[in-house]
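Have a look at start23.cif below; it lists mmCIF, C-alpha atoms.
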data_model
#
loop_
_atom_site.label_atom_id
_atom_site.label_comp_id
_atom_site.auth_asym_id
_atom_site.auth_seq_id
_atom_site.Cartn_x
_atom_site.Cartn_y
_atom_site.Cartn_z
CA MET A 1 143.69 93.74 100.34
CA ARG A 2 141.02 91.27 99.31
CA ILE A 3 137.73 92.29 100.93
CA ALA A 4 134.53 90.25 101.11
CA PHE A 5 131.10 91.52 102.22
CA TYR A 6 128.02 89.81 103.60
CA THR A 7 124.90 91.95 104.01
CA LEU A 8 121.87 91.21 106.15
CA GLY A 9 118.65 93.19 106.39
CA CYS A 10 117.05 96.07 104.58
CA LYS A 11 117.69 98.05 101.42
CA VAL A 12 119.51 100.72 103.43
CA ASN A 13 122.04 98.10 104.50
CA GLN A 14 122.36 96.96 100.89
CA TYR A 15 122.92 100.55 99.82
CA GLU A 16 125.56 101.12 102.48
CA THR A 17 127.39 97.92 101.55
CA GLN A 18 127.49 99.04 97.92
CA ALA A 19 128.86 102.40 99.08
CA LEU A 20 131.56 100.67 101.13
CA GLU A 21 132.44 98.50 98.13
CA ARG A 22 132.95 101.63 96.07
CA LEU A 23 135.03 103.28 98.78
CA PHE A 24 137.30 100.28 99.22
CA ALA A 25 137.67 99.73 95.48
CA GLY A 26 138.49 103.41 95.03
CA ARG A 27 141.40 102.98 97.45
CA GLY A 28 142.86 100.12 95.45
CA HIS A 29 141.43 97.13 97.29
CA THR A 30 139.97 94.06 95.56
CA LEU A 31 136.42 92.84 96.15
CA VAL A 32 136.00 89.07 96.36
CA PRO A 33 133.06 86.72 97.10
CA PHE A 34 132.27 86.11 100.75
CA GLU A 35 132.37 82.35 100.17
CA GLY A 36 136.01 82.48 99.03
CA GLU A 37 139.36 83.48 100.47
CA ALA A 38 139.81 87.08 101.65
CA ASP A 39 142.06 89.18 103.86
CA VAL A 40 139.05 91.00 105.33
CA TYR A 41 135.49 89.78 105.87
CA VAL A 42 132.90 92.48 106.56
CA ILE A 43 129.50 91.48 107.96
CA ASN A 44 127.02 94.34 107.65
CA SER A 45 124.48 93.24 110.23
CA CYS A 46 120.78 93.61 110.93
CA THR A 47 119.03 93.63 114.31
CA VAL A 48 115.37 93.94 113.35
CA THR A 49 114.69 90.55 115.00
CA ALA A 50 116.52 88.20 117.36
CA VAL A 51 116.86 85.85 114.38
CA SER A 52 118.78 88.59 112.55
CA ASP A 53 121.19 88.85 115.49
CA LYS A 54 121.74 85.09 115.43
CA LYS A 55 122.41 85.13 111.69
CA SER A 56 124.96 87.92 112.12
CA ARG A 57 126.82 85.89 114.76
CA GLN A 58 126.71 82.82 112.54
CA MET A 59 128.29 84.69 109.62
CA VAL A 60 131.10 85.97 111.87
CA ARG A 61 131.88 82.44 113.03
CA GLN A 62 131.64 81.10 109.50
CA ALA A 63 134.16 83.65 108.25
CA ARG A 64 136.53 82.94 111.14
CA LYS A 65 136.38 79.20 110.49
CA ARG A 66 137.10 79.73 106.81
CA ALA A 67 140.00 82.13 107.38
CA PRO A 68 141.56 81.95 110.88
CA ASP A 69 144.10 84.68 110.07
CA ALA A 70 141.78 87.12 108.29
CA LEU A 71 140.44 90.34 109.78
CA ILE A 72 136.76 89.95 110.70
CA ALA A 73 134.79 93.20 110.89
CA LEU A 74 131.21 93.45 112.16
CA CYS A 75 129.30 96.65 111.48
CA GLY A 76 125.71 97.84 111.27
CA CYS A 77 122.68 97.79 113.52
CA TYR A 78 123.48 94.74 115.68
CA PRO A 79 126.69 96.04 117.29
CA GLN A 80 125.17 99.52 117.50
CA THR A 81 122.45 98.27 119.85
CA HIS A 82 123.92 95.11 121.40
CA ARG A 83 127.58 95.80 122.13
CA SER A 84 127.50 93.68 125.31
CA GLU A 85 126.47 90.59 123.35
CA LEU A 86 129.65 90.61 121.27
CA ASP A 87 131.97 89.43 124.04
CA GLY A 88 133.46 86.12 123.02
CA LEU A 89 132.52 86.55 119.36
CA PRO A 90 135.60 85.98 117.14
CA VAL A 91 135.58 89.46 115.65
CA ASP A 92 138.51 91.87 115.33
CA LEU A 93 136.75 95.12 114.51
CA VAL A 94 133.36 96.41 115.63
CA ALA A 95 131.58 99.46 114.21
CA GLY A 96 127.99 100.69 114.19
CA THR A 97 125.76 102.48 111.70
CA GLY A 98 127.63 105.78 111.53
CA ASP A 99 130.82 107.18 109.96
CA ARG A 100 131.17 104.73 107.08
CA LEU A 101 134.04 106.78 105.68
CA GLY A 102 135.87 106.36 108.96
CA PHE A 103 135.12 102.64 108.89
CA VAL A 104 137.18 102.22 105.72
CA GLU A 105 140.20 103.83 107.37
CA LEU A 106 139.61 101.80 110.53
CA VAL A 107 139.75 98.55 108.56
CA GLU A 108 142.94 99.58 106.80
CA ARG A 109 144.60 100.54 110.07
CA ALA A 110 143.46 97.37 111.84
CA CYS A 111 144.97 95.23 109.09
CA VAL A 112 148.34 96.86 109.76
CA GLU A 113 148.23 97.01 113.55
CA ARG A 114 146.46 93.66 114.02
CA LYS A 115 144.84 94.85 117.24
CA PRO A 116 141.14 94.71 118.19
CA ALA A 117 139.33 97.95 117.42
CA ALA A 118 135.88 99.44 117.98
CA ALA A 119 134.10 102.57 116.76
CA LEU A 120 130.65 103.04 118.27
CA ASP A 121 128.96 106.38 118.86
CA ASP A 122 125.64 107.37 120.44
CA ALA A 123 123.20 107.15 117.52
CA MET A 124 120.66 109.35 119.30
CA LYS A 125 123.08 112.31 119.13
CA ARG A 126 123.48 112.26 115.35
CA ARG A 127 122.21 115.31 113.50
CA ILE A 128 123.97 115.26 110.10
CA PHE A 129 123.19 113.04 107.11
CA GLU A 130 126.31 111.17 106.02
CA PRO A 131 126.67 111.31 102.21
CA LEU A 132 127.87 108.10 100.58
CA PRO A 133 128.51 107.15 96.94
CA ALA A 134 125.42 105.69 95.27
CA GLY A 135 125.29 102.82 92.79
CA GLY A 136 127.00 99.45 92.63
CA LEU A 137 130.10 98.18 90.88
CA GLU A 138 128.39 95.46 88.87
CA GLY A 139 126.06 95.62 85.89
CA ARG A 140 122.93 96.41 87.85
CA THR A 141 119.81 97.93 86.33
CA ARG A 142 118.36 99.50 89.46
CA ALA A 143 120.26 101.87 91.75
CA MET A 144 119.27 102.67 95.29
CA LEU A 145 119.59 106.29 96.34
CA LYS A 146 119.62 106.74 100.09
CA VAL A 147 117.92 110.03 100.89
CA GLU A 148 117.20 109.70 104.61
CA ASP A 149 118.45 108.04 107.78
CA GLY A 150 116.94 107.63 111.23
CA CYS A 151 113.45 107.30 112.66
CA VAL A 152 111.54 108.82 115.57
CA ASN A 153 108.32 106.79 115.35
CA PHE A 154 109.26 104.33 118.12
CA CYS A 155 106.84 101.58 117.19
CA THR A 156 106.63 99.21 120.14
CA TYR A 157 107.96 96.22 118.17
CA CYS A 158 110.95 98.01 116.61
CA ILE A 159 114.47 98.68 117.88
CA ILE A 160 115.72 100.49 114.77
CA PRO A 161 115.32 104.08 116.12
CA TYR A 162 117.95 103.20 118.72
CA ALA A 163 120.24 101.78 116.04
CA ARG A 164 119.87 104.66 113.60
CA GLY A 165 119.08 107.74 115.65
CA PRO A 166 116.89 110.73 114.70
CA VAL A 167 115.86 111.76 111.19
CA ARG A 168 118.58 113.18 108.92
CA SER A 169 117.87 114.05 105.30
CA LEU A 170 119.94 114.32 102.14
CA PRO A 171 119.57 117.88 100.77
CA ARG A 172 117.61 118.16 97.53
CA SER A 173 120.54 119.65 95.64
CA ASP A 174 122.74 116.69 96.59
CA ALA A 175 119.99 114.24 95.66
CA ALA A 176 119.72 115.87 92.23
CA VAL A 177 123.46 115.58 91.64
CA GLN A 178 123.49 111.90 92.62
CA ALA A 179 120.40 111.09 90.56
CA LYS A 180 121.86 112.76 87.47
CA LYS A 181 125.14 110.89 87.93
CA LEU A 182 123.41 107.52 88.28
CA ALA A 183 121.40 108.18 85.13
CA GLU A 184 124.60 109.02 83.27
CA GLU A 185 126.12 105.75 84.49
CA GLY A 186 123.36 103.88 82.69
CA TYR A 187 120.91 103.00 85.43
CA LYS A 188 117.31 102.88 84.22
CA GLU A 189 115.64 102.96 87.64
CA LEU A 190 116.35 104.79 90.89
CA VAL A 191 114.86 103.62 94.18
CA LEU A 192 114.58 106.27 96.88
CA THR A 193 115.38 104.52 100.13
CA GLY A 194 115.97 105.31 103.78
CA ILE A 195 115.02 104.13 107.22
CA GLU A 196 111.77 106.16 107.06
CA ILE A 197 111.66 108.18 103.86
CA SER A 198 108.28 109.65 104.71
CA SER A 199 110.14 111.75 107.29
CA TRP A 200 112.46 113.22 104.66
CA GLY A 201 112.92 116.95 105.21
CA HIS A 202 111.51 117.10 108.74
CA ASP A 203 114.95 117.96 110.11
CA PHE A 204 115.24 120.98 107.79
CA ARG A 205 112.31 122.64 109.60
CA ASP A 206 111.42 124.68 106.51
CA GLY A 207 108.25 122.92 105.43
CA SER A 208 110.04 120.53 103.05
CA SER A 209 108.33 117.21 102.47
CA LEU A 210 108.95 114.03 100.52
CA ILE A 211 107.07 115.12 97.40
CA ASP A 212 109.47 118.09 97.05
CA LEU A 213 112.36 115.64 96.93
CA VAL A 214 110.56 113.32 94.51
CA GLU A 215 109.92 116.15 92.06
CA THR A 216 113.58 117.15 92.25
CA VAL A 217 114.88 113.63 91.58
CA CYS A 218 112.41 113.02 88.74
CA ALA A 219 113.51 116.25 87.08
CA ALA A 220 117.22 115.47 87.56
CA ALA A 221 116.93 112.03 85.93
CA PRO A 222 114.07 112.33 83.40
CA GLY A 223 115.13 109.18 81.55
CA CYS A 224 114.99 107.02 84.68
CA ARG A 225 112.14 105.42 86.46
CA VAL A 226 111.94 106.70 90.03
CA ARG A 227 110.52 104.30 92.59
CA LEU A 228 109.63 105.10 96.18
CA GLY A 229 110.53 102.93 99.14
CA SER A 230 108.20 102.17 102.03
CA LEU A 231 105.84 105.01 102.97
CA GLU A 232 104.03 105.94 106.16
CA PRO A 233 100.31 106.09 105.19
CA ARG A 234 99.90 109.69 106.38
CA THR A 235 102.33 110.77 103.64
CA ILE A 236 99.55 110.21 101.13
CA THR A 237 97.54 113.43 101.01
CA GLU A 238 95.49 115.06 98.28
CA ALA A 239 98.36 117.43 97.49
CA PHE A 240 100.92 114.60 97.42
CA CYS A 241 98.82 112.62 94.96
CA GLN A 242 98.08 115.60 92.72
CA ARG A 243 101.77 116.43 92.42
CA ALA A 244 102.88 112.81 92.07
CA ALA A 245 100.38 112.18 89.27
CA LYS A 246 102.12 114.83 87.15
CA LEU A 247 105.51 113.05 87.26
CA ASP A 248 105.78 110.87 84.16
CA ASN A 249 108.79 108.90 85.40
CA LEU A 250 107.51 108.22 88.92
CA CYS A 251 106.56 104.55 89.21
CA PRO A 252 102.87 104.12 90.13
CA HIS A 253 103.89 101.72 92.91
CA PHE A 254 103.28 102.74 96.51
CA HIS A 255 104.27 100.57 99.44
CA LEU A 256 102.20 101.66 102.43
CA SER A 257 103.24 100.13 105.76
CA MET A 258 99.99 98.85 107.23
CA GLN A 259 101.23 96.31 109.84
CA SER A 260 97.70 95.62 111.09
CA GLY A 261 94.15 96.18 109.94
CA CYS A 262 92.81 96.52 113.49
CA ASP A 263 92.73 99.85 115.31
CA ALA A 264 93.29 98.31 118.75
CA THR A 265 96.37 96.46 117.48
CA LEU A 266 97.70 99.57 115.72
CA LYS A 267 97.41 101.44 119.01
CA ARG A 268 99.41 98.77 120.85
CA MET A 269 101.99 99.01 118.09
CA ASN A 270 102.18 102.80 118.59
CA ARG A 271 101.46 103.37 114.92
CA LYS A 272 100.41 106.96 114.19
CA TYR A 273 97.31 106.26 112.06
CA ASP A 274 94.16 104.17 112.21
CA THR A 275 92.42 102.03 109.62
CA GLY A 276 90.25 104.94 108.52
CA ARG A 277 93.30 107.00 107.66
CA PHE A 278 94.88 104.05 105.90
CA LEU A 279 91.79 103.54 103.74
CA GLU A 280 91.81 107.25 102.95
CA SER A 281 95.38 106.94 101.64
CA VAL A 282 94.46 104.00 99.43
CA GLY A 283 91.44 105.89 98.10
CA LEU A 284 93.47 108.99 97.28
CA LEU A 285 96.03 106.99 95.32
CA ARG A 286 93.33 105.28 93.28
CA LYS A 287 91.61 108.61 92.67
CA HIS A 288 94.69 110.32 91.23
CA VAL A 289 96.94 107.54 89.85
CA GLN A 290 95.92 105.12 87.10
CA ALA A 291 95.77 101.52 88.39
CA PRO A 292 98.39 102.05 91.09
CA ALA A 293 100.16 99.08 92.59
CA ILE A 294 99.57 99.38 96.31
CA THR A 295 101.63 96.95 98.37
CA THR A 296 102.01 96.54 102.11
CA ASP A 297 103.54 94.80 105.11
CA MET A 298 101.43 92.97 107.67
CA ILE A 299 102.42 91.58 111.06
CA VAL A 300 100.24 88.76 112.37
CA GLY A 301 100.12 87.50 115.94
CA PHE A 302 101.16 90.74 117.60
CA PRO A 303 100.86 90.50 121.42
CA GLY A 304 97.23 90.58 122.45
CA GLU A 305 95.88 90.00 118.93
CA THR A 306 92.61 88.12 119.26
CA GLU A 307 90.88 86.11 116.56
CA GLU A 308 88.40 88.98 116.15
CA GLU A 309 91.22 91.51 115.73
CA PHE A 310 92.88 89.27 113.16
CA ALA A 311 89.57 88.96 111.32
CA GLN A 312 89.45 92.77 111.10
CA SER A 313 92.87 92.72 109.43
CA LEU A 314 91.72 90.13 106.91
CA ASP A 315 88.73 92.31 106.10
CA LEU A 316 90.88 95.38 105.57
CA ILE A 317 93.35 93.72 103.21
CA GLN A 318 90.46 92.59 101.03
CA ARG A 319 88.97 96.08 101.02
CA CYS A 320 92.36 97.55 100.04
CA ALA A 321 92.89 94.92 97.31
CA PHE A 322 96.67 95.06 97.56
CA SER A 323 98.69 94.05 94.51
CA ALA A 324 101.24 92.30 96.74
CA MET A 325 101.90 91.80 100.44
CA HIS A 326 104.73 90.84 102.78
CA ILE A 327 103.28 88.93 105.73
CA PHE A 328 105.33 88.32 108.87
CA PRO A 329 104.49 86.41 112.03
CA TYR A 330 105.35 88.72 114.93
CA SER A 331 108.93 88.10 116.11
CA ARG A 332 109.73 89.02 119.69
CA ARG A 333 112.53 91.59 119.69
CA PRO A 334 114.18 91.79 123.16
CA GLY A 335 114.64 95.38 124.25
CA THR A 336 111.37 96.63 122.76
CA PRO A 337 108.14 97.38 124.67
CA ALA A 338 106.21 94.73 122.71
CA ALA A 339 108.54 91.99 123.92
CA ALA A 340 107.35 92.60 127.49
CA MET A 341 103.64 92.87 126.65
CA PRO A 342 101.22 90.30 128.10
CA ASP A 343 99.22 87.86 125.98
CA GLN A 344 102.02 86.80 123.65
CA VAL A 345 100.50 84.75 120.82
CA PRO A 346 101.71 81.13 120.47
CA ASN A 347 103.88 80.39 117.44
CA SER A 348 101.42 77.83 116.12
CA VAL A 349 98.66 80.48 116.07
CA LYS A 350 100.94 83.04 114.40
CA GLU A 351 101.92 80.57 111.69
CA GLU A 352 98.28 79.60 111.06
CA ARG A 353 97.24 83.25 110.78
CA ALA A 354 100.14 84.00 108.45
CA ARG A 355 99.00 81.13 106.21
CA ARG A 356 95.42 82.41 106.09
CA ALA A 357 96.52 85.95 105.30
CA ALA A 358 98.91 84.69 102.61
CA GLU A 359 96.10 82.80 100.87
CA ILE A 360 94.05 85.99 100.57
CA ALA A 361 97.13 87.97 99.48
CA ALA A 362 97.82 85.46 96.70
CA GLU A 363 94.27 85.79 95.41
CA LEU A 364 94.55 89.59 95.39
CA THR A 365 97.87 89.48 93.54
CA GLN A 366 96.44 87.10 90.93
CA ARG A 367 93.49 89.43 90.40
CA TYR A 368 95.77 92.45 90.01
CA LEU A 369 98.06 90.76 87.50
CA GLU A 370 95.21 89.45 85.36
CA GLN A 371 94.17 92.96 84.33
CA TRP A 372 97.23 93.47 82.09
CA ASP A 373 97.56 92.32 78.50
CA LYS A 374 100.66 94.39 77.66
CA VAL A 375 103.41 95.71 79.95
CA GLU A 376 106.71 97.55 79.74
CA VAL A 377 109.49 95.69 81.51
CA LEU A 378 112.95 96.68 82.69
CA PHE A 379 114.90 93.44 82.36
CA GLU A 380 117.50 92.60 84.97
CA GLU A 381 118.82 89.03 84.71
CA GLU A 382 118.61 85.70 82.92
CA ARG A 383 117.71 82.73 85.10
CA ASP A 384 116.21 79.31 84.47
CA GLY A 385 115.96 79.93 80.73
CA LEU A 386 114.00 83.17 81.12
CA TRP A 387 114.87 86.86 81.16
CA TRP A 388 113.36 88.45 84.27
CA GLY A 389 112.40 92.02 84.98
CA HIS A 390 109.79 94.26 86.56
CA THR A 391 107.18 96.70 85.36
CA THR A 392 106.74 100.19 86.80
CA ARG A 393 104.13 98.67 89.11
CA TYR A 394 106.70 96.10 90.26
CA CYS A 395 105.01 93.16 88.59
CA LYS A 396 107.59 90.44 87.97
CA VAL A 397 107.76 89.34 84.32
CA GLY A 398 109.63 86.51 82.62
CA VAL A 399 110.16 86.08 78.85
CA ARG A 400 112.10 83.72 76.62
CA SER A 401 114.52 85.54 74.34
CA GLU A 402 117.75 84.88 72.46
CA GLU A 403 118.66 88.54 72.92
CA ASN A 404 120.63 89.91 75.82
CA LEU A 405 117.91 91.94 77.50
CA HIS A 406 119.94 93.16 80.46
CA ASN A 407 119.05 96.76 81.39
CA GLN A 408 116.65 97.09 78.45
CA LEU A 409 113.15 98.51 78.58
CA ARG A 410 110.92 96.42 76.34
CA GLN A 411 107.23 95.90 75.70
CA ALA A 412 105.89 92.42 76.40
CA ALA A 413 102.53 90.80 75.76
CA VAL A 414 101.18 88.90 78.75
CA THR A 415 100.62 85.25 77.86
CA ARG A 416 100.03 83.70 81.26
CA VAL A 417 99.71 84.73 84.89
CA GLU A 418 101.42 82.41 87.34
CA GLN A 419 101.48 82.55 91.14
CA GLY A 420 102.75 86.07 91.75
CA TRP A 421 104.40 86.71 88.38
CA VAL A 422 103.69 87.03 84.66
CA LEU A 423 104.94 85.10 81.65
CA GLY A 424 105.16 87.17 78.47
CA GLU A 425 106.53 87.56 74.95
CA ILE A 426 108.56 90.46 73.58
CA ILE A 427 106.43 92.34 71.06
CA LEU A 428 108.18 95.66 70.44
CA LYS A 429 111.58 97.15 71.03
CA ASN A 430 110.90 100.70 72.15
CA ARG A 431 114.21 101.82 73.62
#
As structure tokens, what does this structure read like?
Amino acid sequence: MRIAFYTLGCKVNQYETQALERLFAGRGHTLVPFEGEADVYVINSCTVTAVSDKKSRQMVRQARKRAPDALIALCGCYPQTHRSELDGLPVDLVAGTGDRLGFVELVERACVERKPAAALDDAMKRRIFEPLPAGGLEGRTRAMLKVEDGCVNFCTYCIIPYARGPVRSLPRSDAAVQAKKLAEEGYKELVLTGIEISSWGHDFRDGSSLIDLVETVCAAAPGCRVRLGSLEPRTITEAFCQRAAKLDNLCPHFHLSMQSGCDATLKRMNRKYDTGRFLESVGLLRKHVQAPAITTDMIVGFPGETEEEFAQSLDLIQRCAFSAMHIFPYSRRPGTPAAAMPDQVPNSVKEERARRAAEIAAELTQRYLEQWDKVEVLFEEERDGLWWGHTTRYCKVGVRSEENLHNQLRQAAVTRVEQGWVLGEIILKNR
């Protein structure tokens, strides 16, 4: 069969799509572009916002219009949490966020039987981490390694705990095997990802924590950079930083999910820390790690956010001096407590606050990038006449070169800092 994938949402979804690609290819099927002709179209959906739901429905209809006789399969977080909304959608097969191995067999069977099929479980009853093959099928430089699934934080704006269920962790021994295999396949960077990787090991109930896993992966793939996904600020303790600082191949890039710089707003969000604890985390990283890149997410216009509360957030982001930020206007997610909160902020106010925060974020990024005169870059792709890659601190770098730099680690001299990225020149081939 010819199978085409379209993926929405987070890195976990991207990882799981890559795993499904490997599983289907391993069973003799052919992967084709989603924009072309296929026998099966798989939409791996996201439900983090109502806009994500709409996009998932649009992709289903687009695939059906392109190929009236093809099998259309919708999987992922959207059908897991919104099964009742799928009535009338031109989809043949519906599955959720679990049993990806079973999903492959379900697709194969549905293609033969040509009958509608569904496979949805109760995510809240899951207790076992489902192992999936890591790495893609194309010439990628960076491999994601999913080490955790599920979340029990229940932030008031988020529906994902209901889509993914409780925390399940990949055992350290399995993580080591996968990391070693990815390194042998030629990947130069491994990204530890999950729904909430800070919770890794909690389900083992033996005192295991994320830094134990990080040490294991770094040791299993000593020639690879190891990069961490998004972290809950309370993960950053003195002990975590002391141990992390000893790992030569751990990228000094830490993405701490802030969401707001106002304690009252954080409380309404049901976040488990306050601004004092967040600042403590930032301080610990800068104490133990040389010039760490500290990045964050920020939601503006959360229900009830006043101008004074927003001003507190602006003050905090300047005090933290983030190297980069993702700024989102609050998006009302039906089915979450925040969607029913009073004092919803008008869209015009949210957009204006997002603009103001983005201006400060751009200044902070510029300041961070200007401190470098020489960087090591892992190059990924050629585009617009430049080879592009990232440093260990996730600074984006572009250079002009006649060489094929794909998947190479090279030293570059910084020649100019643009808006959010660096222009450089290759000065030394070191690997």
### Message
Quick check, in Å to one decimal: how far apart do atom CA of Arg61 of chain A and atom CA of Cys46 of chain A lie?
### Response
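Separation between atom CA of Arg61 of chain A and atom CA of Cys46 of chain A: 15.9 Å.
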### Task
With a distance cut-off of 8 Å and all atoms listed in the file, select the neighbouring residues of His326 of chain A, excluding the residue or stretch itself and same-chain residues fewer than 2 positions from it, and output the selection as JSON, numbers by chain.
{"A": [296, 297, 298, 324, 328]}
Save the residues we just selected, C-alpha atoms, as an mmCIF file, in the frame of the given file?
data_model
loop_
_atom_site.group_PDB
_atom_site.id
_atom_site.type_symbol
_atom_site.label_atom_id
_atom_site.label_comp_id
_atom_site.auth_asym_id
_atom_site.auth_seq_id
_atom_site.Cartn_x
_atom_site.Cartn_y
_atom_site.Cartn_z
ATOM 1 C CA THR A 296 102.010 96.540 102.110
ATOM 2 C CA ASP A 297 103.540 94.800 105.110
ATOM 3 C CA MET A 298 101.430 92.970 107.670
ATOM 4 C CA ALA A 324 101.240 92.300 96.740
ATOM 5 C CA PHE A 328 105.330 88.320 108.870
#
### Task
To verify the selection step, state as JSON, numbers by chain which residues the PyMOL selection byres ((chain A and resi 341) around 12) yields on this input.
{"A": [156, 157, 268, 269, 302, 303, 304, 305, 332, 333, 334, 335, 336, 337, 338, 339, 340, 342, 343, 344, 345]}
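One finds atom CA of Leu145 of chain A at 18.2 Å from atom CA of Gly76 of chain A.
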### Message
My list of candidates is A:Glu352, A:Asp373, A:Asp92, A:Glu309. Which is closest to Val60 of chain A when distances are computed with all atoms listed in the file?
### Response
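That would be A:Asp92, the residue with the smallest distance to Val60 of chain A.
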Give me, as a Markdown table, each residue of segment 78-138 of chain A that comes within 10 Å of segment 189-208 of chain A, together with its shortest interatomic pair and the distance in Å at one decimal, counting all atoms listed in the file, with rows ordered by chain and rising residue number.
| residue | atom | partner | partner_atom | distance |
| --- | --- | --- | --- | --- |
| A:Arg127 | CA | A:Asp203 | CA | 8.4 |
| A:Ile128 | CA | A:Asp203 | CA | 9.4 |
| A:Gly135 | CA | A:Leu190 | CA | 9.3 |
### Task
In Å, rounded to a single decimal, give me how far atom CA of Ala361 of chain A is from atom CA of Gln14 of chain A.
26.8 Å
### Message
Residues near Leu74 of chain A, anyone? I mean within 12 Å using only C-alpha atoms, not counting same-chain ones fewer than 2 positions away, as a PyMOL selection string.
### Response
chain A and resi 4-8+40-46+53+56-61+63-64+71-72+76-80+82-83+86+89-97+103+106-107+116-120
### Query
Taking into account all atoms listed in the file, which residue in the set A:Pro131, A:Gly98, A:Gly283, A:Gly28 is nearest to Arg164 of chain A?
A:Gly98
Would it be fine to have segment 220-263 of chain A, with C-alpha atoms, given as a compact mmCIF listing (two decimals), in the first residue's frame?
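As a result, decode_22.txt now contains:
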# COMPACT_ATOMS: atom_id res chain seq x y z
CA ALA A 220 25.11 5.29 26.03
CA ALA A 221 25.71 7.77 23.18
CA PRO A 222 28.90 9.67 24.12
CA GLY A 223 29.42 10.92 20.56
CA CYS A 224 25.97 12.50 20.37
CA ARG A 225 24.64 15.74 21.67
CA VAL A 226 21.79 15.10 24.09
CA ARG A 227 19.13 17.80 24.28
CA LEU A 228 16.29 18.00 26.78
CA GLY A 229 12.72 18.80 25.89
CA SER A 230 10.48 21.11 27.90
CA LEU A 231 11.06 21.02 31.67
CA GLU A 232 8.88 21.82 34.65
CA PRO A 233 10.82 24.49 36.61
CA ARG A 234 10.87 22.44 39.83
CA THR A 235 13.03 19.87 38.05
CA ILE A 236 15.94 22.27 38.35
CA THR A 237 17.50 21.66 41.75
CA GLU A 238 21.04 22.07 43.04
CA ALA A 239 21.66 18.34 42.65
CA PHE A 240 20.22 18.28 39.11
CA CYS A 241 22.49 21.12 38.04
CA GLN A 242 25.59 19.67 39.67
CA ARG A 243 25.11 16.35 37.91
CA ALA A 244 24.10 17.91 34.59
CA ALA A 245 27.17 20.14 34.56
CA LYS A 246 29.41 17.05 34.52
CA LEU A 247 27.88 15.69 31.28
CA ASP A 248 30.04 16.87 28.38
CA ASN A 249 27.52 15.93 25.69
CA LEU A 250 24.43 17.40 27.37
CA CYS A 251 23.38 20.54 25.51
CA PRO A 252 23.42 23.62 27.79
CA HIS A 253 19.90 24.48 26.61
CA PHE A 254 17.05 24.32 29.09
CA HIS A 255 13.47 25.07 28.15
CA LEU A 256 11.59 25.96 31.32
CA SER A 257 7.81 26.24 30.93
CA MET A 258 6.98 29.55 32.58
CA GLN A 259 3.51 30.34 31.09
CA SER A 260 3.13 33.47 33.23
CA GLY A 261 5.31 35.75 35.31
CA CYS A 262 2.51 36.59 37.74
CA ASP A 263 1.80 34.48 40.83
